[in-house]
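Participant: Here you go, one structure.
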Amino acid sequence: EWLAEEVRIAFAEQEGTAFVTGDGVNKPKGFITYPTVANASWSWGNLGFIATGVAGGFAATHPGDKLLDLIYAAKAAYRANGTFVMNRSTQSAVRKLKDGQGNYLWQPSNSPGEAPTLLGYPIAECEDMPNIATDSLAIAFGDFQRGYLIVDRAGIRVLRDPYSAKPYVLFYTTKRVGGGVQDFDAIKLLKFALS
């Protein structure tokens with residue numbers, strides 16, 4: 001039971017990394033590794049981004065406006081199930097953003113088990129997203145159920161090897177999983193750059 005839990009945790013961490021930054025070689029292709037273009041010139045096969053207008057940060061005045069631009073870069077059908085994805089460092093910076101009346105844009109969850117919200121949309125914390133830096137794609141928004149396809153073969157295969165390292169028993173575990181963007185219009189990115 002202990003071994004099964006350790007394997008499950010290890011696979012979950014590796015899958016999370018691959019779904020965001022994987023190169024597609026013997027692992028899923030991460031969504032931020034696809035080609036990106038400014039959302040104004042978006043075309044199929046690319047993910048659209050909105051630039052913050054500031055290299056490595058938010059604008060000094062009205063920083064939340066670019067988050068609104070990011071939300072509305074997605075079509076209405078994708079906004080309905082939209083989710084923000086960012087790491088904890090980025091979430092820390094976003095939590096400090098306020099509107100013109102001094103109210104925080106980030107809101108805590110109303111009950112246990114619910115995600116906090118940003119401008120009314122849930123936030124998913126993903127440690128594999130990049131930090132805010134010049135030209136980084138640190139925030140994603142969209143309908144990830146429609147935008148990113150995960151193909152998962154049920155079960156984990158375990159091979160017990162009592163012979164190779166006597167007196168120890170080795171366990172080889174494998175799991176087959178794949179993933180990639182299936183709808184390039186469902187996911188939008190926020191780029192911390194001038195343009």
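Identifiers in this document derive from the order of the structure tokens: chains are assigned A, B, ..., residues are numbered from 1 separately in each chain, and ligands are numbered from 1 in order of occurrence.
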Dump as JSON lines the rows for residues of stretch 32-114 of chain A within 10 Å of stretch 138-162 of chain A: closest atom pair and distance in Å with one decimal, only C-alpha atoms counted, ordered by chain and rising residue number.

Facilitator:
{"residue": "A:Ile32", "atom": "CA", "partner": "A:Ala140", "partner_atom": "CA", "distance": 8.7}
{"residue": "A:Phe49", "atom": "CA", "partner": "A:Ala140", "partner_atom": "CA", "distance": 8.8}
{"residue": "A:Gly56", "atom": "CA", "partner": "A:Ala138", "partner_atom": "CA", "distance": 9.8}
{"residue": "A:Leu67", "atom": "CA", "partner": "A:Ile139", "partner_atom": "CA", "distance": 9.2}
{"residue": "A:Leu70", "atom": "CA", "partner": "A:Phe141", "partner_atom": "CA", "distance": 7.0}
{"residue": "A:Ile71", "atom": "CA", "partner": "A:Phe141", "partner_atom": "CA", "distance": 6.8}
{"residue": "A:Tyr72", "atom": "CA", "partner": "A:Phe141", "partner_atom": "CA", "distance": 9.9}
{"residue": "A:Ala73", "atom": "CA", "partner": "A:Phe141", "partner_atom": "CA", "distance": 9.3}
{"residue": "A:Ala74", "atom": "CA", "partner": "A:Gly142", "partner_atom": "CA", "distance": 6.7}
{"residue": "A:Lys75", "atom": "CA", "partner": "A:Gly142", "partner_atom": "CA", "distance": 9.2}
{"residue": "A:Ala77", "atom": "CA", "partner": "A:Asp143", "partner_atom": "CA", "distance": 8.7}
{"residue": "A:Tyr78", "atom": "CA", "partner": "A:Asp143", "partner_atom": "CA", "distance": 5.2}
{"residue": "A:Arg79", "atom": "CA", "partner": "A:Gly142", "partner_atom": "CA", "distance": 6.4}
{"residue": "A:Ala80", "atom": "CA", "partner": "A:Asp143", "partner_atom": "CA", "distance": 7.9}
{"residue": "A:Asn81", "atom": "CA", "partner": "A:Asp143", "partner_atom": "CA", "distance": 5.3}
{"residue": "A:Gly82", "atom": "CA", "partner": "A:Gly142", "partner_atom": "CA", "distance": 4.5}
{"residue": "A:Thr83", "atom": "CA", "partner": "A:Phe141", "partner_atom": "CA", "distance": 5.5}
{"residue": "A:Phe84", "atom": "CA", "partner": "A:Phe141", "partner_atom": "CA", "distance": 4.5}
{"residue": "A:Val85", "atom": "CA", "partner": "A:Ala140", "partner_atom": "CA", "distance": 5.1}
{"residue": "A:Met86", "atom": "CA", "partner": "A:Ile139", "partner_atom": "CA", "distance": 5.0}
{"residue": "A:Asn87", "atom": "CA", "partner": "A:Ala138", "partner_atom": "CA", "distance": 7.7}
{"residue": "A:Ser89", "atom": "CA", "partner": "A:Ala138", "partner_atom": "CA", "distance": 9.6}
{"residue": "A:Thr90", "atom": "CA", "partner": "A:Ala138", "partner_atom": "CA", "distance": 7.0}
{"residue": "A:Gln91", "atom": "CA", "partner": "A:Ile139", "partner_atom": "CA", "distance": 9.1}
{"residue": "A:Val94", "atom": "CA", "partner": "A:Ile139", "partner_atom": "CA", "distance": 9.9}

Participant: Got time to write the residues from that selection, N, CA, C and O atoms, as a CSV table (one decimal), in the first residue's frame?

Facilitator:
chain,number,residue,atom,x,y,z
A,32,ILE,N,2.3,24.9,-22.9
A,32,ILE,CA,3.1,26.2,-23.1
A,32,ILE,C,4.3,26.0,-24.0
A,32,ILE,O,5.0,26.9,-24.3
A,49,PHE,N,-1.7,34.8,-27.2
A,49,PHE,CA,-1.3,35.5,-25.9
A,49,PHE,C,-1.7,36.9,-25.9
A,49,PHE,O,-1.8,37.6,-27.0
A,56,GLY,N,8.3,41.7,-17.8
A,56,GLY,CA,8.5,41.1,-16.5
A,56,GLY,C,7.6,41.5,-15.4
A,56,GLY,O,7.9,41.4,-14.3
A,67,LEU,N,-5.7,41.2,-17.2
A,67,LEU,CA,-6.4,40.0,-16.9
A,67,LEU,C,-7.8,39.9,-17.5
A,67,LEU,O,-8.2,38.9,-18.0
A,70,LEU,N,-7.3,39.1,-21.0
A,70,LEU,CA,-7.0,37.7,-21.2
A,70,LEU,C,-8.3,36.9,-21.1
A,70,LEU,O,-8.5,36.0,-22.0
A,71,ILE,N,-9.2,37.2,-20.2
A,71,ILE,CA,-10.5,36.5,-20.1
A,71,ILE,C,-11.3,36.7,-21.4
A,71,ILE,O,-11.8,35.7,-22.0
A,72,TYR,N,-11.3,37.9,-21.9
A,72,TYR,CA,-12.2,38.2,-23.1
A,72,TYR,C,-11.4,37.8,-24.4
A,72,TYR,O,-12.0,38.0,-25.5
A,73,ALA,N,-10.2,37.4,-24.4
A,73,ALA,CA,-9.5,36.9,-25.5
A,73,ALA,C,-10.2,35.5,-25.9
A,73,ALA,O,-10.1,35.1,-27.1
A,74,ALA,N,-10.7,34.8,-24.9
A,74,ALA,CA,-11.4,33.6,-25.2
A,74,ALA,C,-12.8,33.8,-25.5
A,74,ALA,O,-13.5,34.7,-25.0
A,75,LYS,N,-13.3,33.0,-26.5
A,75,LYS,CA,-14.7,33.1,-26.9
A,75,LYS,C,-15.6,32.7,-25.7
A,75,LYS,O,-15.2,32.0,-24.8
A,77,ALA,N,-18.0,30.6,-25.4
A,77,ALA,CA,-18.1,29.2,-25.1
A,77,ALA,C,-17.0,28.6,-24.2
A,77,ALA,O,-17.2,27.7,-23.5
A,78,TYR,N,-15.8,29.2,-24.3
A,78,TYR,CA,-14.7,28.8,-23.5
A,78,TYR,C,-14.6,29.5,-22.2
A,78,TYR,O,-14.1,28.9,-21.2
A,79,ARG,N,-15.1,30.7,-22.1
A,79,ARG,CA,-15.1,31.5,-20.9
A,79,ARG,C,-16.0,30.8,-19.8
A,79,ARG,O,-15.8,30.9,-18.6
A,80,ALA,N,-17.1,30.2,-20.3
A,80,ALA,CA,-18.1,29.6,-19.4
A,80,ALA,C,-17.4,28.6,-18.4
A,80,ALA,O,-17.8,28.6,-17.2
A,81,ASN,N,-16.5,27.9,-18.9
A,81,ASN,CA,-15.8,26.9,-18.0
A,81,ASN,C,-14.3,27.3,-17.8
A,81,ASN,O,-13.4,26.5,-17.6
A,82,GLY,N,-14.0,28.6,-17.9
A,82,GLY,CA,-12.7,29.1,-17.9
A,82,GLY,C,-12.1,28.9,-16.5
A,82,GLY,O,-12.7,29.0,-15.4
A,83,THR,N,-10.7,28.7,-16.5
A,83,THR,CA,-10.0,28.6,-15.2
A,83,THR,C,-8.6,29.3,-15.5
A,83,THR,O,-8.0,29.2,-16.5
A,84,PHE,N,-8.2,30.0,-14.5
A,84,PHE,CA,-6.8,30.6,-14.5
A,84,PHE,C,-5.9,29.5,-14.0
A,84,PHE,O,-6.2,28.8,-13.0
A,85,VAL,N,-4.7,29.4,-14.6
A,85,VAL,CA,-3.6,28.5,-14.2
A,85,VAL,C,-2.3,29.3,-14.0
A,85,VAL,O,-1.9,30.0,-14.9
A,86,MET,N,-1.8,29.1,-12.8
A,86,MET,CA,-0.5,29.9,-12.5
A,86,MET,C,0.2,29.2,-11.3
A,86,MET,O,-0.5,28.4,-10.6
A,87,ASN,N,1.4,29.5,-11.1
A,87,ASN,CA,2.1,28.9,-9.9
A,87,ASN,C,1.9,29.7,-8.7
A,87,ASN,O,1.3,30.8,-8.8
A,89,SER,N,4.0,31.5,-6.9
A,89,SER,CA,4.7,32.8,-6.9
A,89,SER,C,3.9,33.8,-7.7
A,89,SER,O,3.7,35.0,-7.3
A,90,THR,N,3.4,33.4,-8.8
A,90,THR,CA,2.5,34.3,-9.6
A,90,THR,C,1.2,34.6,-8.9
A,90,THR,O,0.7,35.7,-8.9
A,91,GLN,N,0.7,33.6,-8.3
A,91,GLN,CA,-0.6,33.8,-7.5
A,91,GLN,C,-0.4,34.8,-6.4
A,91,GLN,O,-1.2,35.6,-6.1
A,94,VAL,N,-0.5,38.2,-8.0
A,94,VAL,CA,-1.9,38.5,-8.4
A,94,VAL,C,-2.8,38.8,-7.3
A,94,VAL,O,-3.7,39.6,-7.4

Participant: Using only C-alpha atoms, which protein or nucleic acid residues come within 10 Å of A:Phe19? Drop anything in the same chain fewer than 4 positions from it, and give the result as a list in words.

Facilitator: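 These residues fall inside the cut-off: Gln14, Glu15, Asp23, Gly24, Lys27, Pro28, Lys29, Gly30, Phe31, Ile32, Thr33, Asp128, Tyr148, Leu149, Ile150, Gly178, Gly179, Gly180 and Val181 of chain A.
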
Participant: Would you write out, as a tab-separated table, a table of all residues in stretch 5-73 of chain A that have an atom no more than 10 Å from an atom of stretch 123-127 of chain A, listing for each the closest atom pair and the distance in Å to one decimal, considering only C-alpha atoms and ordering rows by chain and rising residue number?

Facilitator:
residue	atom	partner	partner_atom	distance
A:Glu13	CA	A:Glu127	CA	9.7
A:Gly16	CA	A:Cys126	CA	7.8
A:Thr17	CA	A:Glu127	CA	8.2
A:Val20	CA	A:Cys126	CA	8.6

Participant: Mind pulling up the distance from atom CA of A:Val25 to atom CA of A:Arg176?

Facilitator: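 Separation of atom CA of A:Arg176 and atom CA of A:Val25: 12.8 Å.
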
Participant: Give the strand (DSSP E or B) residues of chain A, as DSSP finds them on the backbone, and put them as an MDAnalysis selection string.

Facilitator: chainID A and resid 23 29 36:38 47:51 83:86 98 104 106:107 117:118 121:125 137:142 148:152 157:161 170:174 177:181 187:191

Participant: Within 10 Å of A:Trp106, counting only C-alpha atoms, which residues qualify if same-chain residues fewer than 5 places away don't, as a PyMOL selection string?

Facilitator: chain A and resi 91-92+94-98+116-123

Participant: Tell me, in Å to one decimal, how far atom CA of A:Phe192 is from atom CA of A:Thr52.

Facilitator: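 We find that atom CA of A:Phe192 and atom CA of A:Thr52 lie 5.2 Å from each other.
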
Participant: When distances are computed from only C-alpha atoms, which of A:Phe171, A:Ser43, A:Leu105, A:Ala133 shows the smallest separation from A:Asp65?

Facilitator: A:Leu105

Participant: Might you pull out every residue within 9 Å of A:Asn39, with only C-alpha atoms counted and same-chain residues fewer than 5 positions away left off, and present them as a PyMOL selection string?

Facilitator: chain A and resi 47-50+73+188-189

Participant: Would you mind exporting N, CA, C and O atoms of the selected residues as a PDB file, in the first residue's frame?

Facilitator:
ATOM      1  N   LEU A  47      -1.043  29.029 -29.907  1.00  0.00           N
ATOM      2  CA  LEU A  47      -1.804  29.542 -28.772  1.00  0.00           C
ATOM      3  C   LEU A  47      -1.672  31.056 -28.758  1.00  0.00           C
ATOM      4  O   LEU A  47      -0.572  31.598 -28.911  1.00  0.00           O
ATOM      5  N   GLY A  48      -2.790  31.732 -28.584  1.00  0.00           N
ATOM      6  CA  GLY A  48      -2.782  33.185 -28.556  1.00  0.00           C
ATOM      7  C   GLY A  48      -2.371  33.716 -27.193  1.00  0.00           C
ATOM      8  O   GLY A  48      -2.677  33.122 -26.164  1.00  0.00           O
ATOM      9  N   PHE A  49      -1.659  34.838 -27.203  1.00  0.00           N
ATOM     10  CA  PHE A  49      -1.282  35.470 -25.934  1.00  0.00           C
ATOM     11  C   PHE A  49      -1.655  36.940 -25.945  1.00  0.00           C
ATOM     12  O   PHE A  49      -1.785  37.562 -26.994  1.00  0.00           O
ATOM     13  N   ILE A  50      -1.828  37.454 -24.756  1.00  0.00           N
ATOM     14  CA  ILE A  50      -2.031  38.882 -24.514  1.00  0.00           C
ATOM     15  C   ILE A  50      -0.782  39.358 -23.784  1.00  0.00           C
ATOM     16  O   ILE A  50      -0.372  38.762 -22.790  1.00  0.00           O
ATOM     17  N   ALA A  73     -10.208  37.400 -24.355  1.00  0.00           N
ATOM     18  CA  ALA A  73      -9.547  36.876 -25.549  1.00  0.00           C
ATOM     19  C   ALA A  73     -10.151  35.522 -25.918  1.00  0.00           C
ATOM     20  O   ALA A  73     -10.130  35.117 -27.078  1.00  0.00           O
ATOM     21  N   LYS A 188      -5.725  30.558 -23.677  1.00  0.00           N
ATOM     22  CA  LYS A 188      -5.034  31.822 -23.942  1.00  0.00           C
ATOM     23  C   LYS A 188      -3.991  32.035 -22.856  1.00  0.00           C
ATOM     24  O   LYS A 188      -4.138  31.569 -21.727  1.00  0.00           O
ATOM     25  N   LEU A 189      -2.928  32.742 -23.187  1.00  0.00           N
ATOM     26  CA  LEU A 189      -1.803  32.943 -22.271  1.00  0.00           C
ATOM     27  C   LEU A 189      -1.566  34.426 -22.033  1.00  0.00           C
ATOM     28  O   LEU A 189      -1.843  35.256 -22.911  1.00  0.00           O
TER      29      LEU A 189
END

Participant: Using Å and a single decimal, report how far atom CA of A:Ser195 sits from atom CA of A:Pro35.

Facilitator: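 According to the coordinates, atom CA of A:Pro35 and atom CA of A:Ser195 are separated by 15.5 Å.
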
Participant: Based on the backbone DSSP call, show me all residues of stretch 2-141 of chain A assigned helix (DSSP H, G or I), as a PDB file with C-alpha atoms, in the first residue's frame.

Facilitator:
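Result file follows (selection.pdb):
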ATOM      1  CA  TRP A   2       2.855   2.382   0.851  1.00  0.00           C
ATOM      2  CA  LEU A   3       4.625   1.588  -2.436  1.00  0.00           C
ATOM      3  CA  ALA A   4       1.434   2.129  -4.436  1.00  0.00           C
ATOM      4  CA  GLU A   5       0.928   5.561  -2.851  1.00  0.00           C
ATOM      5  CA  GLU A   6       4.555   6.583  -3.493  1.00  0.00           C
ATOM      6  CA  VAL A   7       4.274   5.502  -7.134  1.00  0.00           C
ATOM      7  CA  ARG A   8       0.985   7.378  -7.529  1.00  0.00           C
ATOM      8  CA  ILE A   9       2.537  10.582  -6.148  1.00  0.00           C
ATOM      9  CA  ALA A  10       5.633  10.253  -8.361  1.00  0.00           C
ATOM     10  CA  PHE A  11       3.545   9.709 -11.500  1.00  0.00           C
ATOM     11  CA  ALA A  12       1.212  12.599 -10.625  1.00  0.00           C
ATOM     12  CA  GLU A  13       4.177  14.989 -10.269  1.00  0.00           C
ATOM     13  CA  GLN A  14       5.730  13.857 -13.556  1.00  0.00           C
ATOM     14  CA  GLU A  15       2.410  14.061 -15.393  1.00  0.00           C
ATOM     15  CA  GLY A  16       1.745  17.574 -14.054  1.00  0.00           C
ATOM     16  CA  THR A  17       5.115  18.744 -15.331  1.00  0.00           C
ATOM     17  CA  ALA A  18       4.627  17.060 -18.716  1.00  0.00           C
ATOM     18  CA  PHE A  19       1.137  18.527 -19.244  1.00  0.00           C
ATOM     19  CA  VAL A  20       2.589  22.035 -18.841  1.00  0.00           C
ATOM     20  CA  THR A  21       6.182  21.881 -20.135  1.00  0.00           C
ATOM     21  CA  PHE A  31       0.546  23.345 -23.558  1.00  0.00           C
ATOM     22  CA  ILE A  32       3.066  26.180 -23.093  1.00  0.00           C
ATOM     23  CA  THR A  33       5.552  24.467 -25.439  1.00  0.00           C
ATOM     24  CA  ASN A  39      -3.949  36.952 -29.992  1.00  0.00           C
ATOM     25  CA  ALA A  40      -4.756  39.604 -32.614  1.00  0.00           C
ATOM     26  CA  SER A  41      -3.013  37.448 -35.254  1.00  0.00           C
ATOM     27  CA  ASP A  65      -7.001  45.302 -17.089  1.00  0.00           C
ATOM     28  CA  LYS A  66      -4.729  42.789 -18.810  1.00  0.00           C
ATOM     29  CA  LEU A  67      -6.371  39.970 -16.855  1.00  0.00           C
ATOM     30  CA  LEU A  68      -9.717  41.140 -18.220  1.00  0.00           C
ATOM     31  CA  ASP A  69      -8.214  41.240 -21.721  1.00  0.00           C
ATOM     32  CA  LEU A  70      -7.016  37.670 -21.187  1.00  0.00           C
ATOM     33  CA  ILE A  71     -10.479  36.513 -20.129  1.00  0.00           C
ATOM     34  CA  TYR A  72     -12.159  38.155 -23.109  1.00  0.00           C
ATOM     35  CA  ALA A  73      -9.547  36.876 -25.549  1.00  0.00           C
ATOM     36  CA  ALA A  76     -17.849  32.960 -24.735  1.00  0.00           C
ATOM     37  CA  ALA A  77     -18.149  29.178 -25.115  1.00  0.00           C
ATOM     38  CA  TYR A  78     -14.697  28.758 -23.535  1.00  0.00           C
ATOM     39  CA  ARG A  79     -15.132  31.451 -20.877  1.00  0.00           C
ATOM     40  CA  ARG A  88       2.155  30.018  -6.310  1.00  0.00           C
ATOM     41  CA  SER A  89       4.703  32.797  -6.930  1.00  0.00           C
ATOM     42  CA  THR A  90       2.521  34.311  -9.638  1.00  0.00           C
ATOM     43  CA  GLN A  91      -0.572  33.772  -7.522  1.00  0.00           C
ATOM     44  CA  SER A  92       1.114  35.711  -4.721  1.00  0.00           C
ATOM     45  CA  ALA A  93       1.657  38.674  -7.057  1.00  0.00           C
ATOM     46  CA  VAL A  94      -1.881  38.469  -8.449  1.00  0.00           C
ATOM     47  CA  ARG A  95      -3.411  38.313  -4.954  1.00  0.00           C
TER      48      ARG A  95
END
